[in-house]
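Source file final.json; content: JSON, C-alpha atoms.
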```json
[["chain", "number", "residue", "atom", "x", "y", "z"],
["A", 20, "MET", "CA", -11.24, -96.66, 88.43],
["A", 21, "LEU", "CA", -9.34, -95.89, 91.54],
["A", 22, "ALA", "CA", -8.62, -99.56, 92.00],
["A", 23, "LEU", "CA", -7.08, -99.64, 88.56],
["A", 24, "LEU", "CA", -4.80, -96.74, 89.31],
["A", 25, "PHE", "CA", -3.58, -98.38, 92.48],
["A", 26, "ALA", "CA", -3.12, -101.66, 90.69],
["A", 27, "CYS", "CA", -1.06, -99.98, 87.99],
["A", 28, "GLU", "CA", 1.11, -98.24, 90.57],
["A", 29, "THR", "CA", 2.06, -101.48, 92.24],
["A", 30, "GLY", "CA", 2.78, -103.20, 88.94],
["A", 31, "THR", "CA", -0.10, -105.63, 89.13],
["A", 32, "VAL", "CA", -2.92, -105.36, 86.63],
["A", 33, "VAL", "CA", -6.17, -107.09, 87.44],
["A", 34, "VAL", "CA", -8.47, -107.63, 84.50],
["A", 35, "ASP", "CA", -11.81, -109.41, 84.75],
["A", 36, "ASN", "CA", -11.68, -111.72, 81.69],
["A", 37, "ALA", "CA", -14.41, -114.07, 82.88],
["A", 38, "GLU", "CA", -17.12, -112.03, 81.16],
["A", 39, "GLU", "CA", -15.12, -111.80, 77.91],
["A", 40, "GLU", "CA", -14.43, -115.58, 77.89],
["A", 41, "LYS", "CA", -18.09, -116.28, 78.48],
["A", 42, "ASP", "CA", -19.09, -114.11, 75.51],
["A", 43, "ASP", "CA", -16.48, -115.80, 73.24],
["A", 44, "THR", "CA", -17.74, -119.27, 74.22],
["A", 45, "ALA", "CA", -21.34, -118.31, 73.50],
["A", 46, "ILE", "CA", -20.37, -117.04, 70.07],
["A", 47, "ALA", "CA", -18.41, -120.22, 69.32],
["A", 48, "ASP", "CA", -21.35, -122.39, 70.46],
["A", 49, "ASP", "CA", -23.78, -120.45, 68.29],
["A", 50, "THR", "CA", -21.53, -120.85, 65.25],
["A", 51, "ALA", "CA", -21.16, -124.62, 65.78],
["A", 52, "SER", "CA", -24.89, -125.19, 66.13],
["A", 53, "ASP", "CA", -25.67, -123.11, 63.04],
["A", 54, "ASP", "CA", -23.22, -125.15, 60.90],
["A", 55, "THR", "CA", -24.66, -128.57, 61.90],
["A", 56, "ALA", "CA", -28.35, -127.72, 62.08],
["A", 57, "GLY", "CA", -29.01, -128.22, 58.37],
["A", 58, "ASP", "CA", -26.62, -131.15, 57.90],
["A", 59, "SER", "CA", -28.31, -133.85, 59.99],
["A", 60, "ALA", "CA", -32.02, -134.51, 59.92],
["A", 61, "GLU", "CA", -33.27, -136.89, 62.59],
["A", 62, "GLU", "CA", -34.45, -140.14, 60.95],
["A", 63, "VAL", "CA", -37.86, -141.37, 61.94],
["A", 64, "PRO", "CA", -37.80, -145.15, 62.50],
["A", 65, "ALA", "CA", -39.98, -147.20, 60.16],
["A", 66, "GLU", "CA", -43.22, -148.58, 61.55],
["A", 67, "PRO", "CA", -43.21, -152.36, 62.11],
["A", 68, "VAL", "CA", -45.34, -154.39, 59.69],
["A", 69, "THR", "CA", -46.97, -157.80, 60.01],
["A", 70, "ASP", "CA", -45.05, -160.75, 58.58],
["A", 71, "TYR", "CA", -47.86, -162.91, 57.16],
["A", 72, "SER", "CA", -45.57, -165.75, 56.03],
["A", 73, "ALA", "CA", -45.94, -167.86, 59.19],
["A", 74, "TYR", "CA", -47.51, -167.95, 62.64],
["A", 75, "THR", "CA", -47.44, -169.82, 65.91],
["A", 76, "GLY", "CA", -50.49, -170.26, 68.07],
["A", 77, "TYR", "CA", -52.92, -172.59, 69.75],
["A", 78, "ARG", "CA", -56.43, -174.00, 69.62],
["A", 79, "HIS", "CA", -58.46, -174.86, 72.71],
["A", 80, "PHE", "CA", -61.08, -177.59, 72.24],
["A", 81, "TYR", "CA", -63.98, -178.17, 74.59],
["A", 82, "ALA", "CA", -66.82, -180.72, 74.41],
["A", 83, "GLU", "CA", -68.91, -182.49, 77.00],
["A", 84, "VAL", "CA", -71.03, -185.61, 76.59],
["A", 85, "TRP", "CA", -72.52, -188.07, 79.13],
["A", 86, "GLY", "CA", -70.41, -186.69, 81.96],
["A", 87, "TYR", "CA", -67.15, -186.89, 79.97],
["A", 88, "ALA", "CA", -65.44, -183.58, 79.16],
["A", 89, "CYS", "CA", -62.72, -183.01, 76.63],
["A", 90, "ASP", "CA", -60.88, -179.81, 77.56],
["A", 91, "THR", "CA", -57.58, -179.62, 75.66],
["A", 92, "THR", "CA", -55.24, -176.96, 74.29],
["A", 93, "VAL", "CA", -52.98, -177.76, 71.33],
["A", 94, "GLU", "CA", -50.02, -175.68, 70.14],
["A", 95, "GLU", "CA", -49.84, -175.10, 66.38],
["A", 96, "THR", "CA", -47.68, -173.61, 63.64],
["A", 97, "GLY", "CA", -48.77, -172.32, 60.28],
["A", 98, "THR", "CA", -47.00, -171.64, 57.01],
["A", 99, "GLU", "CA", -48.46, -169.46, 54.27],
["A", 100, "LEU", "CA", -49.40, -171.20, 51.04],
["A", 101, "THR", "CA", -48.88, -169.27, 47.80],
["A", 102, "GLU", "CA", -49.07, -172.11, 45.27],
["A", 103, "GLY", "CA", -49.87, -175.79, 44.88],
["A", 104, "GLY", "CA", -52.98, -177.96, 45.07],
["A", 105, "ALA", "CA", -54.06, -176.98, 48.60],
["A", 106, "TYR", "CA", -53.62, -173.28, 47.73],
["A", 107, "GLU", "CA", -55.75, -173.63, 44.59],
["A", 108, "ALA", "CA", -58.49, -175.54, 46.44],
["A", 109, "LEU", "CA", -58.61, -172.94, 49.22],
["A", 110, "ALA", "CA", -58.62, -170.02, 46.75],
["A", 111, "ALA", "CA", -61.55, -171.64, 44.93],
["A", 112, "GLU", "CA", -63.47, -172.03, 48.22],
["A", 113, "CYS", "CA", -62.72, -168.49, 49.39],
["A", 114, "PRO", "CA", -61.88, -166.22, 46.44],
["A", 115, "SER", "CA", -62.07, -163.08, 48.61],
["A", 116, "CYS", "CA", -59.56, -164.39, 51.17],
["A", 117, "THR", "CA", -56.15, -162.74, 51.21],
["A", 118, "ASN", "CA", -54.02, -165.42, 52.90],
["A", 119, "PHE", "CA", -53.97, -169.22, 53.01],
["A", 120, "TYR", "CA", -52.10, -171.40, 55.52],
["A", 121, "GLU", "CA", -51.22, -175.00, 56.20],
["A", 122, "ASN", "CA", -51.84, -175.49, 59.93],
["A", 123, "VAL", "CA", -49.84, -178.18, 61.76],
["A", 124, "PRO", "CA", -50.84, -179.12, 65.33],
["A", 125, "GLY", "CA", -48.35, -180.37, 67.91],
["A", 126, "VAL", "CA", -50.29, -183.67, 68.30],
["A", 127, "ASP", "CA", -52.28, -185.96, 65.98],
["A", 128, "SER", "CA", -55.31, -186.48, 68.23],
["A", 129, "ILE", "CA", -56.91, -185.23, 71.44],
["A", 130, "CYS", "CA", -59.62, -186.29, 73.89],
["A", 131, "ASP", "CA", -57.95, -189.60, 74.74],
["A", 132, "GLY", "CA", -57.44, -190.28, 71.03],
["A", 133, "TYR", "CA", -61.13, -189.93, 70.09],
["A", 134, "LEU", "CA", -60.66, -186.77, 68.00],
["A", 135, "PRO", "CA", -58.03, -186.85, 65.23],
["A", 136, "ILE", "CA", -56.86, -183.31, 64.46],
["A", 137, "GLY", "CA", -53.96, -183.71, 61.96],
["A", 138, "THR", "CA", -52.92, -181.05, 59.46],
["A", 139, "SER", "CA", -55.63, -178.57, 58.50],
["A", 140, "TYR", "CA", -55.84, -175.40, 56.43],
["A", 141, "ARG", "CA", -56.90, -171.82, 57.04],
["A", 142, "ALA", "CA", -58.19, -169.19, 54.67],
["A", 143, "ILE", "CA", -58.28, -165.65, 56.03],
["A", 144, "LEU", "CA", -59.47, -162.30, 54.78],
["A", 145, "PHE", "CA", -57.29, -159.71, 56.52],
["A", 146, "THR", "CA", -58.40, -156.09, 56.24],
["A", 147, "GLU", "CA", -55.75, -153.52, 55.40],
["A", 148, "ALA", "CA", -56.37, -151.62, 58.61],
["A", 149, "GLY", "CA", -56.35, -154.76, 60.78],
["A", 150, "GLY", "CA", -59.35, -155.14, 63.03],
["A", 151, "VAL", "CA", -62.23, -157.37, 62.03],
["A", 152, "ALA", "CA", -61.55, -159.99, 59.37],
["A", 153, "THR", "CA", -62.86, -163.41, 58.32],
["A", 154, "PHE", "CA", -61.43, -166.81, 59.27],
["A", 155, "TYR", "CA", -62.15, -170.26, 57.80],
["A", 156, "SER", "CA", -60.74, -173.58, 58.98],
["A", 157, "TYR", "CA", -60.65, -176.50, 56.50],
["A", 158, "SER", "CA", -59.76, -180.16, 56.51],
["A", 159, "GLU", "CA", -58.49, -181.92, 53.40],
["A", 160, "ASP", "CA", -59.52, -185.30, 52.07],
["A", 161, "SER", "CA", -58.20, -186.73, 48.80],
["A", 162, "GLY", "CA", -57.39, -183.32, 47.33],
["A", 163, "THR", "CA", -60.66, -181.60, 48.28],
["A", 164, "VAL", "CA", -61.08, -179.21, 51.19],
["A", 165, "GLU", "CA", -64.07, -179.20, 53.51],
["A", 166, "ILE", "CA", -64.92, -176.39, 55.89],
["A", 167, "ILE", "CA", -64.60, -177.24, 59.59],
["A", 168, "GLY", "CA", -65.58, -173.89, 61.07],
["A", 169, "ALA", "CA", -65.69, -170.16, 60.45],
["A", 170, "ASP", "CA", -65.45, -166.91, 62.38],
["A", 171, "ASN", "CA", -66.72, -163.80, 60.60],
["A", 172, "GLY", "CA", -65.59, -161.55, 63.44],
["A", 173, "LEU", "CA", -61.92, -162.51, 63.69],
["A", 174, "GLU", "CA", -60.19, -160.06, 66.01],
["A", 175, "PHE", "CA", -56.84, -158.96, 64.57],
["A", 176, "ASP", "CA", -54.56, -156.22, 65.89],
["A", 177, "GLY", "CA", -51.75, -156.68, 63.36],
["A", 178, "GLU", "CA", -49.92, -159.18, 65.56],
["A", 179, "THR", "CA", -52.51, -161.49, 67.16],
["A", 180, "ALA", "CA", -55.56, -162.99, 65.48],
["A", 181, "ALA", "CA", -58.15, -164.40, 67.92],
["A", 182, "PHE", "CA", -60.90, -166.68, 66.62],
["A", 183, "ASP", "CA", -63.66, -169.00, 67.79],
["A", 184, "TYR", "CA", -66.00, -171.43, 66.07],
["A", 185, "THR", "CA", -67.89, -174.67, 66.69],
["A", 186, "PHE", "CA", -67.82, -177.92, 64.74],
["A", 187, "ASN", "CA", -69.42, -181.31, 65.12],
["A", 188, "TYR", "CA", -67.57, -184.60, 65.38],
["A", 189, "TYR", "CA", -70.21, -186.83, 66.94],
["A", 190, "VAL", "CA", -70.66, -184.06, 69.53],
["A", 191, "ASP", "CA", -70.37, -180.27, 69.28],
["A", 192, "PHE", "CA", -66.88, -178.91, 69.99],
["A", 193, "GLU", "CA", -66.28, -175.30, 70.95],
["A", 194, "VAL", "CA", -62.96, -174.05, 69.63],
["A", 195, "THR", "CA", -61.10, -170.87, 70.55],
["A", 196, "GLY", "CA", -57.61, -169.97, 69.52],
["A", 197, "GLU", "CA", -55.02, -167.40, 68.60],
["A", 198, "MET", "CA", -52.44, -167.00, 65.86],
["A", 199, "TYR", "CA", -49.33, -164.92, 66.58],
["A", 200, "PHE", "CA", -47.63, -163.18, 63.67],
["A", 201, "GLU", "CA", -44.19, -161.61, 63.95],
["A", 202, "MET", "CA", -43.76, -157.90, 63.42],
["A", 203, "THR", "CA", -40.80, -156.82, 61.28],
["A", 204, "THR", "CA", -39.29, -153.43, 60.63],
["A", 205, "PRO", "CA", -38.66, -152.66, 56.95],
["A", 206, "GLU", "CA", -35.12, -151.59, 56.10]]
```
In structure tokens, how does this file's structure come out?
Amino acid sequence: MLALLFACETGTVVVDNAEEEKDDTAIADDTASDDTAGDSAEEVPAEPVTDYSAYTGYRHFYAEVWGYACDTTVEETGTELTEGGAYEALAAECPSCTNFYENVPGVDSICDGYLPIGTSYRAILFTEAGGVATFYSYSEDSGTVEIIGADNGLEFDGETAAFDYTFNYYVDFEVTGEMYFEMTTPE
């Protein structure tokens, strides 16, 4: 108090406004946050979902006979079938399957030309929760489909389906492969 008296006598008034300004700012900040709190709710991004319309992937073929080994990997693409003769034939062969594909390999034959692999078809039962599903591979001849191989324990994580099966074309071939599906985010 004495300091104030002396300050008044000399004509200079010292006031500590820092505390008052701090309190005014805090009140203004509280008011601003209260006004906007109810106006904007944070949007939760949508979960990505599997696009089943197409895939890319590969098949690895292995066979050995009389000292000769065929050990080849082929890149492939697949397009979902939803109608047409191949679709109807596959649906008749596997009525519980959920998806049908035309599978196109990057080459027409492997193993020095001994094994023709042309276009084939796939019928798959995907489970809603992903995980284990069923996979069938078919060839087509004059409008009829014939099973090449099957995997009843297809591993599927929503993006990658891994399969394996064996088939016989003069010798037994072991086949492993993967199909990669794109993930999309719904709008």
Residue contacts of region 132-139 of chain A (6 Å, only C-alpha atoms) excluding same-chain residues fewer than 2 positions away, as a PyMOL selection string: chain A and resi 122-123+127-130+157-158
Separating CA of Phe175 (chain A) from CA of Tyr140 (chain A), to the nearest tenth of an Å, is a gap of 18.4 Å
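Computed from the coordinates, the CA of Val93 (chain A) to CA of Pro114 (chain A) distance equals 28.8 Å.
Taking CA of Gly162 (chain A) and CA of Thr195 (chain A) as the two end points, the separation is 26.6 Å.
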Shell around Arg78 (chain A) at 7 Å using all atoms listed in the file, local window under 2 positions removed, as a PDB file with C-alpha atoms, keeping the file's coordinate frame:
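The resulting part_30.pdb:
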```
ATOM      1  CA  PHE A  80     -61.080-177.590  72.240  1.00  0.00           C
ATOM      2  CA  THR A  92     -55.240-176.960  74.290  1.00  0.00           C
ATOM      3  CA  VAL A  93     -52.980-177.760  71.330  1.00  0.00           C
ATOM      4  CA  GLU A  94     -50.020-175.680  70.140  1.00  0.00           C
ATOM      5  CA  VAL A 194     -62.960-174.050  69.630  1.00  0.00           C
ATOM      6  CA  THR A 195     -61.100-170.870  70.550  1.00  0.00           C
ATOM      7  CA  GLY A 196     -57.610-169.970  69.520  1.00  0.00           C
ATOM      8  CA  GLU A 197     -55.020-167.400  68.600  1.00  0.00           C
TER       9      GLU A 197
END
```
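Counting all atoms listed in the file, the residue from A:Gly168, A:Pro67, A:Gly76, A:Gly177 that sits nearest to Thr96 (chain A) is A:Gly76.
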Pick out the closest residue to Leu144 (chain A) from this set: A:Tyr184, A:Ser156, A:Phe119, A:Pro124. Count only C-alpha atoms. A:Phe119
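Nearest residue to Tyr188 (chain A) among A:Glu121, A:Glu147, A:Glu174, A:Glu83 is A:Glu83, counting all atoms listed in the file.
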Might you pull out every residue within 10 Å of Ala180 (chain A), with only C-alpha atoms counted and same-chain residues fewer than 2 positions away left off, and present them as an NGL selection string? :A and (74 or 76 or 145 or 149-152 or 154 or 173-178 or 182 or 196-200)
Skipping near chain neighbours, those fewer than 6 positions away, what residues fall within 10 Å of Pro64 (chain A) using only C-alpha atoms, listed as an MDAnalysis selection string? chainID A and resid 204:206
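Distances to Gly125 (chain A) were evaluated for A:Ala82, A:Tyr155, A:Thr75, A:Ala142 using only C-alpha atoms, and the minimum falls at A:Thr75.
Each of A:Asn171, A:Thr179, A:Thr98, A:Thr69 was compared to Ile143 (chain A) using only C-alpha atoms, and A:Asn171 turns out to be the nearest.
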Considering only C-alpha atoms, state which residue in the set A:Val190, A:Cys113, A:Ala108, A:Ala73 is at the smallest distance from Glu95 (chain A). A:Ala73
